[in-house]
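Here is the file query-v7.csv (CSV, C-alpha atoms).
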```
chain,number,residue,atom,x,y,z
A,154,VAL,CA,23.3,108.2,26.7
A,155,LEU,CA,24.6,105.6,29.0
A,156,GLU,CA,28.2,104.6,28.1
A,157,ILE,CA,29.8,101.3,29.2
A,158,GLU,CA,33.6,100.8,28.8
A,159,PRO,CA,34.5,97.3,29.9
A,160,TRP,CA,38.0,95.9,30.6
A,161,THR,CA,39.2,92.8,28.8
A,162,SER,CA,36.2,90.4,29.1
A,163,GLY,CA,33.9,88.0,27.3
A,164,TRP,CA,30.5,86.4,27.6
A,165,TYR,CA,31.2,82.8,26.5
A,166,ALA,CA,30.5,79.5,28.2
A,167,GLU,CA,31.3,80.2,31.9
A,168,PHE,CA,33.2,83.4,31.3
A,169,HIS,CA,31.6,86.7,32.5
A,170,ALA,CA,31.6,90.3,31.4
A,171,PRO,CA,29.6,93.4,32.6
A,172,PHE,CA,25.9,92.8,32.8
A,173,LEU,CA,23.4,95.6,33.9
A,174,HIS,CA,20.1,93.9,34.5
A,175,ARG,CA,16.7,93.8,36.2
A,176,GLU,CA,14.7,90.7,37.1
A,177,VAL,CA,11.6,90.2,34.8
A,178,SER,CA,8.9,87.5,35.4
A,179,GLY,CA,6.6,86.1,32.7
A,180,ASP,CA,6.4,87.0,29.1
A,181,PHE,CA,8.0,90.3,27.9
A,182,LEU,CA,9.6,92.3,25.1
A,183,VAL,CA,12.8,94.2,25.7
A,184,THR,CA,14.2,96.5,23.1
A,185,ALA,CA,17.2,98.8,23.0
A,186,ARG,CA,19.0,101.3,20.8
A,187,ILE,CA,22.7,100.7,21.0
A,188,ALA,CA,26.0,101.7,19.3
A,189,ALA,CA,29.2,99.6,19.7
A,190,ASN,CA,31.9,102.2,19.1
A,191,GLY,CA,35.6,102.2,19.8
A,192,LEU,CA,37.1,104.4,22.4
A,193,ASP,CA,38.5,106.7,19.8
A,194,GLY,CA,36.6,105.8,16.6
A,195,GLU,CA,33.3,104.6,15.2
A,196,THR,CA,34.2,100.9,15.4
A,197,PRO,CA,36.3,99.0,17.9
A,198,THR,CA,39.9,98.0,17.1
A,199,SER,CA,40.0,94.9,19.4
A,200,THR,CA,38.4,91.7,18.4
A,201,TRP,CA,35.2,90.4,20.1
A,202,SER,CA,34.0,93.9,21.1
A,203,LEU,CA,30.2,93.9,21.2
A,204,ALA,CA,27.3,95.1,23.2
A,205,GLY,CA,23.6,94.2,23.4
A,206,LEU,CA,20.8,92.5,25.3
A,207,MET,CA,20.9,89.4,27.4
A,208,VAL,CA,18.4,87.1,29.1
A,209,ARG,CA,20.0,84.9,31.9
A,210,GLU,CA,19.0,82.5,34.6
A,211,PRO,CA,19.8,84.0,38.0
A,212,ARG,CA,22.5,82.4,40.0
A,213,ALA,CA,22.8,82.9,43.8
A,214,VAL,CA,26.6,82.2,44.0
A,215,THR,CA,29.7,83.8,45.3
A,216,PRO,CA,33.3,83.2,44.2
A,217,ALA,CA,33.6,80.7,47.0
A,218,THR,CA,30.5,78.7,46.1
A,219,TRP,CA,30.8,78.9,42.3
A,220,GLU,CA,30.4,75.6,40.4
A,221,PRO,CA,31.0,74.9,36.7
A,222,ARG,CA,28.5,73.9,34.1
A,223,ALA,CA,25.6,76.0,35.4
A,224,GLU,CA,25.4,79.0,33.1
A,225,ASN,CA,22.2,79.4,31.1
A,226,TRP,CA,21.5,82.5,29.0
A,227,LEU,CA,21.0,83.9,25.5
A,228,PHE,CA,21.8,87.2,23.9
A,229,ILE,CA,21.9,89.4,20.8
A,230,THR,CA,24.8,91.9,20.5
A,231,THR,CA,26.3,94.1,17.8
A,232,GLY,CA,29.9,95.2,17.2
A,233,VAL,CA,33.0,93.4,15.8
A,234,ALA,CA,33.9,89.7,16.3
A,235,ASP,CA,37.0,87.9,14.9
A,236,ARG,CA,37.5,90.5,12.2
A,237,ILE,CA,37.6,94.2,13.2
A,238,ASP,CA,36.8,95.3,9.7
A,239,VAL,CA,33.4,93.5,9.6
A,240,PRO,CA,30.6,94.7,11.8
A,241,VAL,CA,28.3,91.9,12.9
A,242,TYR,CA,25.4,90.8,15.0
A,243,GLU,CA,26.3,88.0,17.4
A,244,SER,CA,23.5,85.7,18.6
A,245,LYS,CA,24.4,83.2,21.2
A,246,THR,CA,22.6,80.6,23.3
A,247,THR,CA,24.3,78.9,26.3
A,248,VAL,CA,22.9,75.7,28.0
A,249,ASN,CA,24.7,74.4,31.0
A,250,SER,CA,27.7,76.5,30.1
A,251,ARG,CA,27.9,75.2,26.5
A,252,SER,CA,27.7,78.1,24.0
A,253,ASN,CA,26.6,78.2,20.4
A,254,LEU,CA,26.9,81.4,18.4
A,255,LYS,CA,26.1,82.8,15.0
A,256,LEU,CA,27.6,85.9,13.3
A,257,ARG,CA,25.7,87.9,10.7
A,258,PRO,CA,26.5,91.2,9.0
A,259,ALA,CA,25.4,94.4,10.7
A,260,PRO,CA,25.6,98.1,10.0
A,261,THR,CA,28.0,100.4,11.9
A,262,GLY,CA,26.6,103.0,14.3
A,263,TRP,CA,23.3,102.9,16.0
A,264,VAL,CA,21.1,99.9,15.7
A,265,GLU,CA,18.0,98.6,17.6
A,266,VAL,CA,17.8,95.1,19.0
A,267,GLY,CA,15.2,93.2,20.9
A,268,ILE,CA,14.4,90.0,22.7
A,269,ALA,CA,10.9,88.7,23.1
A,270,ARG,CA,9.8,85.9,25.5
A,271,LEU,CA,6.6,83.9,25.2
A,272,GLY,CA,6.8,80.9,27.4
A,273,PRO,CA,9.8,78.8,26.2
A,274,SER,CA,10.1,80.7,23.0
A,275,PHE,CA,12.6,83.5,22.6
A,276,ILE,CA,12.6,85.7,19.5
A,277,LEU,CA,15.7,87.8,18.8
A,278,LEU,CA,14.9,91.0,16.7
A,279,VAL,CA,16.9,93.7,14.9
A,280,ARG,CA,15.6,96.9,13.4
A,281,GLU,CA,17.2,98.4,10.3
A,282,ASP,CA,15.7,101.1,7.9
A,283,GLY,CA,12.8,101.5,10.3
A,284,ARG,CA,11.6,97.9,10.0
A,285,TRP,CA,11.9,95.2,12.6
A,286,ARG,CA,12.8,91.7,11.5
A,287,VAL,CA,13.2,88.3,13.2
A,288,HIS,CA,16.9,87.6,13.6
A,289,GLU,CA,16.9,84.3,15.5
A,290,ARG,CA,14.5,81.9,17.3
A,291,PHE,CA,15.4,79.9,20.4
A,292,PHE,CA,13.4,77.3,22.2
A,293,ARG,CA,14.6,77.4,25.9
A,294,SER,CA,12.2,75.5,28.1
A,295,ASP,CA,14.9,75.2,30.8
A,296,LEU,CA,14.9,78.9,31.6
A,297,PRO,CA,12.8,79.8,34.7
A,298,ARG,CA,9.8,82.2,34.9
A,299,THR,CA,11.9,84.9,36.4
A,300,VAL,CA,15.1,85.8,34.5
A,301,GLN,CA,17.7,88.6,34.5
A,302,VAL,CA,17.2,90.9,31.5
A,303,GLY,CA,19.5,93.7,30.5
A,304,LEU,CA,22.6,95.1,28.9
A,305,VAL,CA,25.9,93.3,28.2
A,306,ALA,CA,29.2,94.6,26.9
A,307,TYR,CA,32.5,92.8,26.4
A,308,THR,CA,35.8,93.4,24.6
A,309,ASP,CA,39.3,92.1,23.8
A,310,TRP,CA,38.8,88.4,24.5
A,311,ASP,CA,42.1,87.5,22.8
A,312,SER,CA,44.1,89.4,25.5
A,313,ALA,CA,42.9,87.0,28.2
A,314,GLY,CA,45.7,84.6,27.4
A,315,GLU,CA,46.0,81.7,29.8
A,316,LEU,CA,42.8,82.8,31.7
A,317,GLN,CA,40.8,81.6,28.7
A,318,SER,CA,41.1,78.1,30.1
A,319,ASP,CA,40.3,79.1,33.7
A,320,PRO,CA,36.8,80.7,34.0
A,321,HIS,CA,37.0,81.0,37.8
A,322,ARG,CA,40.2,83.1,37.6
A,323,PHE,CA,38.9,85.0,34.6
A,324,ASN,CA,35.7,86.0,36.4
A,325,THR,CA,37.6,87.2,39.5
A,326,THR,CA,40.5,89.0,37.8
A,327,VAL,CA,40.5,92.6,36.5
A,328,MET,CA,42.7,92.4,33.4
A,329,LYS,CA,44.2,95.8,32.9
A,330,ASN,CA,47.1,94.8,30.6
A,331,GLY,CA,45.0,94.0,27.6
A,332,LYS,CA,43.8,96.2,24.7
A,333,PRO,CA,40.1,96.8,25.5
A,334,ASP,CA,38.5,99.1,22.9
A,335,LEU,CA,34.7,99.4,23.3
A,336,LYS,CA,32.5,102.3,24.2
A,337,ALA,CA,29.0,100.8,24.3
A,338,ARG,CA,26.5,103.7,23.9
A,339,VAL,CA,22.9,103.1,24.9
A,340,ASP,CA,20.2,105.6,24.0
A,341,TRP,CA,17.3,103.7,25.7
A,342,VAL,CA,16.1,100.3,26.9
A,343,ARG,CA,12.3,99.6,27.0
A,344,TYR,CA,10.4,96.8,28.5
A,345,LYS,CA,6.8,95.8,28.0
A,346,PRO,CA,4.7,92.7,29.0
A,347,LEU,CA,3.5,90.3,26.3
A,348,ARG,CA,0.4,88.0,26.4
A,349,MET,CA,-0.5,85.2,24.1
A,350,ALA,CA,-4.0,85.1,22.7
A,351,PRO,CA,-6.2,82.3,24.1
A,352,GLY,CA,-5.6,79.0,22.4
A,353,GLN,CA,-2.2,80.0,20.9
A,354,ASP,CA,0.8,77.8,21.5
A,355,PRO,CA,3.9,79.8,22.2
A,356,ARG,CA,6.1,76.9,21.3
A,357,ALA,CA,5.0,77.3,17.7
A,358,LEU,CA,6.9,80.6,17.4
A,359,THR,CA,10.2,78.9,17.1
A,360,ASP,CA,8.9,76.8,14.2
A,361,HIS,CA,10.4,78.4,11.1
A,362,ALA,CA,7.3,77.4,9.2
A,363,VAL,CA,5.5,80.2,11.0
A,364,PRO,CA,6.0,83.3,8.8
A,365,GLU,CA,8.1,86.2,10.1
A,366,ALA,CA,5.2,88.6,9.6
A,367,ASP,CA,2.9,86.5,11.9
A,368,VAL,CA,5.6,86.6,14.6
A,369,LEU,CA,6.1,90.3,14.3
A,370,ALA,CA,2.3,90.9,14.3
A,371,LEU,CA,2.0,89.0,17.6
A,372,LEU,CA,5.0,90.8,19.2
A,373,ASP,CA,4.2,94.3,18.0
A,374,PRO,CA,7.7,95.6,18.7
```

The structure in this file should be written as structure tokens.
Amino acid sequence: VLEIEPWTSGWYAEFHAPFLHREVSGDFLVTARIAANGLDGETPTSTWSLAGLMVREPRAVTPATWEPRAENWLFITTGVADRIDVPVYESKTTVNSRSNLKLRPAPTGWVEVGIARLGPSFILLVREDGRWRVHERFFRSDLPRTVQVGLVAYTDWDSAGELQSDPHRFNTTVMKNGKPDLKARVDWVRYKPLRMAPGQDPRALTDHAVPEADVLALLDP
């Protein structure tokens, strides 16, 4: 397995954490089998310690040319959030550096997660007990045809202190005095292209009136 052990970090608004990615153009499905463990136990002991999959708009910037209000991405992760005794999935969408998140219960240990893109529609998936289900649906017509797709991992946001109000310093500082506690373990990551059938409107996939079974049949995860 691939193991990722980040320092104090966080993916939120304009704040960055580790991101291992490739560029993908067009419609796709990416899936991964991931476990968000602690460094010495099954679950992390620091809040906001999660790992999963992200889709992000590329940015050709350096620390010197960075500008605020330009982050655009979405993800699905697993681990612990504000309570270390409650494993969760975190789904988050960020538009022009404004983030909105949802937390829902998750099992401990290994889970499978996925993100499908069909045009402006992004479907977040989880697999439990051998069955895929739709976790969240996002309509993101702002994201370009070519995006960054890959693995994220972050931990110990609460130790960032005063840097939580300064994303530029946060993103250019290695914070070694916190209490990071995440060993993200990745068994595999798989990509495959997707294609809509002639006459189908990909925008309809984010309509919750479209049954989950129809969405899964189209994606064939």

message: Applying 9 Å and all atoms listed in the file, which residues near A:Asn225 remain after dropping the ones on its own chain fewer than 3 positions away? List them as a list in words.
response: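 The neighbour list is Ala166, Val208, Arg209, Glu210, Pro211, Arg222, Thr246, Thr247, Val248, Asn249, Ser250, Arg251, Asp295 and Leu296 of chain A.
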
- prompt: Between A:Trp160, A:Pro197, A:Ala362, A:Leu369, which is the closest to A:Val327 once you count all atoms listed in the file?
  reply: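 Of A:Trp160, A:Pro197, A:Ala362, A:Leu369, the one nearest A:Val327 is A:Trp160, counting all atoms listed in the file.
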
- request: Select, from A:Asp360, A:Asp180, A:Asp193, A:Glu167, the residue with the minimum atom-to-atom distance to A:Phe291, counting only C-alpha atoms.
  value: A:Asp360

- prompt: Which of these, A:Asp354, A:Asp282, A:Glu195, A:Glu315, has the shortest distance to A:Pro240 once you count only C-alpha atoms?
  reply: A:Glu195

- request: Mind checking which residues fall within 8 Å of A:Ala337, counting all atoms listed in the file, ignoring those fewer than 4 positions away in the same chain, and posting them as a PyMOL selection string?
  value: chain A and resi 156-158+187-190+203-204+306

field: Residue nearest A:Val302 among A:Gly262, A:Gly283, A:Pro355, A:Gly267 (counting all atoms listed in the file)
entry: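 Answer, going by the shortest atom-to-atom distance: A:Gly267.
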
Stretch 168-176 of chain A: which residues within 8 Å, counting only C-alpha atoms, same-chain residues fewer than 2 positions away excluded, as a PDB file with C-alpha atoms, in the frame of the given file?
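Result went into selection-v6.pdb, see below:
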```
ATOM      1  CA  PRO A 159      34.500  97.300  29.900  1.00  0.00           C
ATOM      2  CA  SER A 162      36.200  90.400  29.100  1.00  0.00           C
ATOM      3  CA  GLY A 163      33.900  88.000  27.300  1.00  0.00           C
ATOM      4  CA  TRP A 164      30.500  86.400  27.600  1.00  0.00           C
ATOM      5  CA  TYR A 165      31.200  82.800  26.500  1.00  0.00           C
ATOM      6  CA  ALA A 166      30.500  79.500  28.200  1.00  0.00           C
ATOM      7  CA  SER A 178       8.900  87.500  35.400  1.00  0.00           C
ATOM      8  CA  THR A 299      11.900  84.900  36.400  1.00  0.00           C
ATOM      9  CA  VAL A 300      15.100  85.800  34.500  1.00  0.00           C
ATOM     10  CA  GLN A 301      17.700  88.600  34.500  1.00  0.00           C
ATOM     11  CA  VAL A 302      17.200  90.900  31.500  1.00  0.00           C
ATOM     12  CA  GLY A 303      19.500  93.700  30.500  1.00  0.00           C
ATOM     13  CA  LEU A 304      22.600  95.100  28.900  1.00  0.00           C
ATOM     14  CA  VAL A 305      25.900  93.300  28.200  1.00  0.00           C
ATOM     15  CA  ALA A 306      29.200  94.600  26.900  1.00  0.00           C
ATOM     16  CA  TYR A 307      32.500  92.800  26.400  1.00  0.00           C
ATOM     17  CA  PRO A 320      36.800  80.700  34.000  1.00  0.00           C
ATOM     18  CA  HIS A 321      37.000  81.000  37.800  1.00  0.00           C
ATOM     19  CA  PHE A 323      38.900  85.000  34.600  1.00  0.00           C
ATOM     20  CA  ASN A 324      35.700  86.000  36.400  1.00  0.00           C
TER      21      ASN A 324
END
```
